[in-house]
Amino acid sequence: MENTIESPVEKKQDNKKPIKKMMLILSKATIDNVYACFILANGARMEGIESEIFFTFFGLEAITKKKLEHLHVATVGNPGIHIPTMLGGLPGMEALATKMMKSEMEKLDIPPVDEFLEILSASGTKLWACKLAMDMFHLEKDKLIDDLDGVLTVGDFYTRAEGDGTHLLFI
Amino acid sequence: MEKTYANVNIQCNDEGYLTDLEQWNKEVGTDIAKEEGIEMTDRHWEVIEYLQDQFRNEVPLSIRKVGKSGVVSIKEFYQLFPKGPLKISSRIAGIPKPVSCI
């Protein structure tokens, strides 16, 4: 590995700074993104790390009561799914791929979106909706899940991120 | 690696998890809990007993399963072991560290 640059951080073992808080921003509504976000938030709590999720843009669908159970995996424009784009657009294709993915997840004891949100809330993960995105989509708070901790602006979210050991992650 | 809990030498792995549940007793559990900064109560022990039963029955553990067990809710589980419920309770229970991400 002659091209590897030695990390100065690794050398100073005693200077390691633990992660104290994960601030996740979820901006997409496809199932793979939503689960990545939820698993990271939940995984943080399991390690004793604080976590908060800011749902913005399409991410809001994951906390919209009527929509959260109908999230899909994208079969068009998603090379990872290995379906030719022309076929991915056929009727029923997304539903089929989503069904297959959900059944695989259930086998691994990964909960459905509604139950996952309950687990996150019970674990102490804070769930925030983005005010601007709500205005944009004409979404009222009563359309969102009851476990929601509130509606925030970006500024509010950054204020909550203050402190040593906070990491922000955009999904 | 050997560590001394309740005045007995106990076999542990590098992360401090017991390698043999047979060596475990309540005093050992109490000592490990002290290391984790936890004062054990009856509620704590109920959860520990449940985890050990699951381990003996070879059921892999996850937060979701513990929450559905009827023994403790997820919220209370976090209140009992705030710094990492599954990880720390498993260590106190003398069972291996769970590999679950959920």
# chains A, B, ... in the order shown; residues from 1 in each chain; ligands from 1
>>> select_by_dssp(residues="chain B", states="alpha helix (DSSP H)", output="PyMOL selection string")
chain B and resi 26-35+42-56+63-68+74-80+85-93
>>> select_by_dssp(residues="chain B", states="strand (DSSP E or B)", output="JSON, numbers by chain")
{"B": [2, 3, 4, 5, 8, 9, 10, 11, 12, 18]}
>>> residues_around(residues="Glu36 of chain B", least_positions_apart="3", cutoff="12 Å", atoms="only C-alpha atoms", output="MDAnalysis selection string")
chainID B and resid 16 29:33 39:40 80:85 87:92
>>> closest_atom_pairs(of="chain A", to="chain B", cutoff="7 Å", atoms="only C-alpha atoms", output="JSON lines")
{"residue": "A:Ile39", "atom": "CA", "partner": "B:Ile102", "partner_atom": "CA", "distance": 6.8}
{"residue": "A:Asn42", "atom": "CA", "partner": "B:Ile102", "partner_atom": "CA", "distance": 6.8}
{"residue": "A:Gly43", "atom": "CA", "partner": "B:Cys101", "partner_atom": "CA", "distance": 6.0}
{"residue": "A:Arg45", "atom": "CA", "partner": "B:Gly84", "partner_atom": "CA", "distance": 6.8}
{"residue": "A:Met46", "atom": "CA", "partner": "B:Gly84", "partner_atom": "CA", "distance": 4.7}
{"residue": "A:Glu47", "atom": "CA", "partner": "B:Gly84", "partner_atom": "CA", "distance": 4.6}
{"residue": "A:Gly48", "atom": "CA", "partner": "B:Lys83", "partner_atom": "CA", "distance": 4.1}
{"residue": "A:Ile110", "atom": "CA", "partner": "B:Ile102", "partner_atom": "CA", "distance": 6.8}
{"residue": "A:Ile119", "atom": "CA", "partner": "B:Ile74", "partner_atom": "CA", "distance": 7.0}
{"residue": "A:Ala122", "atom": "CA", "partner": "B:Lys75", "partner_atom": "CA", "distance": 4.7}
{"residue": "A:Ser123", "atom": "CA", "partner": "B:Lys75", "partner_atom": "CA", "distance": 5.7}
>>> write_last_selection(atoms="N, CA and C atoms", output="PDB file, in the first residue's frame")
ATOM      1  N   ILE A  39     -31.610   2.704  10.255  1.00  0.00           N
ATOM      2  CA  ILE A  39     -30.674   1.759  10.871  1.00  0.00           C
ATOM      3  C   ILE A  39     -29.494   2.506  11.483  1.00  0.00           C
ATOM      4  N   ASN A  42     -30.918   4.198  14.699  1.00  0.00           N
ATOM      5  CA  ASN A  42     -31.159   3.198  15.727  1.00  0.00           C
ATOM      6  C   ASN A  42     -29.845   2.598  16.235  1.00  0.00           C
ATOM      7  N   GLY A  43     -28.928   2.345  15.294  1.00  0.00           N
ATOM      8  CA  GLY A  43     -27.632   1.790  15.664  1.00  0.00           C
ATOM      9  C   GLY A  43     -26.868   2.721  16.598  1.00  0.00           C
ATOM     10  N   ARG A  45     -28.225   4.833  18.774  1.00  0.00           N
ATOM     11  CA  ARG A  45     -28.839   4.727  20.100  1.00  0.00           C
ATOM     12  C   ARG A  45     -28.400   3.449  20.810  1.00  0.00           C
ATOM     13  N   MET A  46     -28.281   2.366  20.034  1.00  0.00           N
ATOM     14  CA  MET A  46     -27.867   1.091  20.628  1.00  0.00           C
ATOM     15  C   MET A  46     -26.466   1.157  21.195  1.00  0.00           C
ATOM     16  N   GLU A  47     -25.665   2.094  20.686  1.00  0.00           N
ATOM     17  CA  GLU A  47     -24.300   2.269  21.191  1.00  0.00           C
ATOM     18  C   GLU A  47     -24.239   3.372  22.244  1.00  0.00           C
ATOM     19  N   GLY A  48     -25.380   3.880  22.625  1.00  0.00           N
ATOM     20  CA  GLY A  48     -25.403   4.939  23.620  1.00  0.00           C
ATOM     21  C   GLY A  48     -25.114   6.313  23.043  1.00  0.00           C
ATOM     22  N   ILE A 110     -35.838  -7.077  10.355  1.00  0.00           N
ATOM     23  CA  ILE A 110     -35.887  -5.621  10.183  1.00  0.00           C
ATOM     24  C   ILE A 110     -37.364  -5.210  10.154  1.00  0.00           C
ATOM     25  N   ILE A 119     -40.037   2.225  17.241  1.00  0.00           N
ATOM     26  CA  ILE A 119     -38.820   1.796  17.939  1.00  0.00           C
ATOM     27  C   ILE A 119     -37.875   2.986  18.114  1.00  0.00           C
ATOM     28  N   ALA A 122     -39.184   5.328  20.785  1.00  0.00           N
ATOM     29  CA  ALA A 122     -39.027   4.732  22.117  1.00  0.00           C
ATOM     30  C   ALA A 122     -37.560   4.703  22.537  1.00  0.00           C
ATOM     31  N   SER A 123     -36.661   4.634  21.554  1.00  0.00           N
ATOM     32  CA  SER A 123     -35.224   4.585  21.848  1.00  0.00           C
ATOM     33  C   SER A 123     -34.658   5.954  22.171  1.00  0.00           C
TER      34      SER A 123
END
>>> closest_residue(among="A:Asn33, A:Ser51, A:Thr75, A:Ser121", to="Asp147 of chain A", atoms="only C-alpha atoms")
A:Ser121
>>> atom_distance(atom1="atom CA of Thr159 of chain A", atom2="atom CA of Glu140 of chain A")
23.9 Å
>>> closest_residue(among="B:Val99, B:Tyr5, B:Gly94, B:Gln52", to="Thr19 of chain B", atoms="only C-alpha atoms")
B:Gly94
>>> residues_around(residues="Lys17 of chain A", least_positions_apart="2", cutoff="8 Å", atoms="only C-alpha atoms", output="PDB file with C-alpha atoms, in the first residue's frame")
ATOM      1  CA  ASN A  15      -6.763  11.602  21.437  1.00  0.00           C
ATOM      2  CA  ILE A  19     -19.121  10.222  18.597  1.00  0.00           C
ATOM      3  CA  GLY A 165     -18.656  14.972  18.944  1.00  0.00           C
TER       4      GLY A 165
END
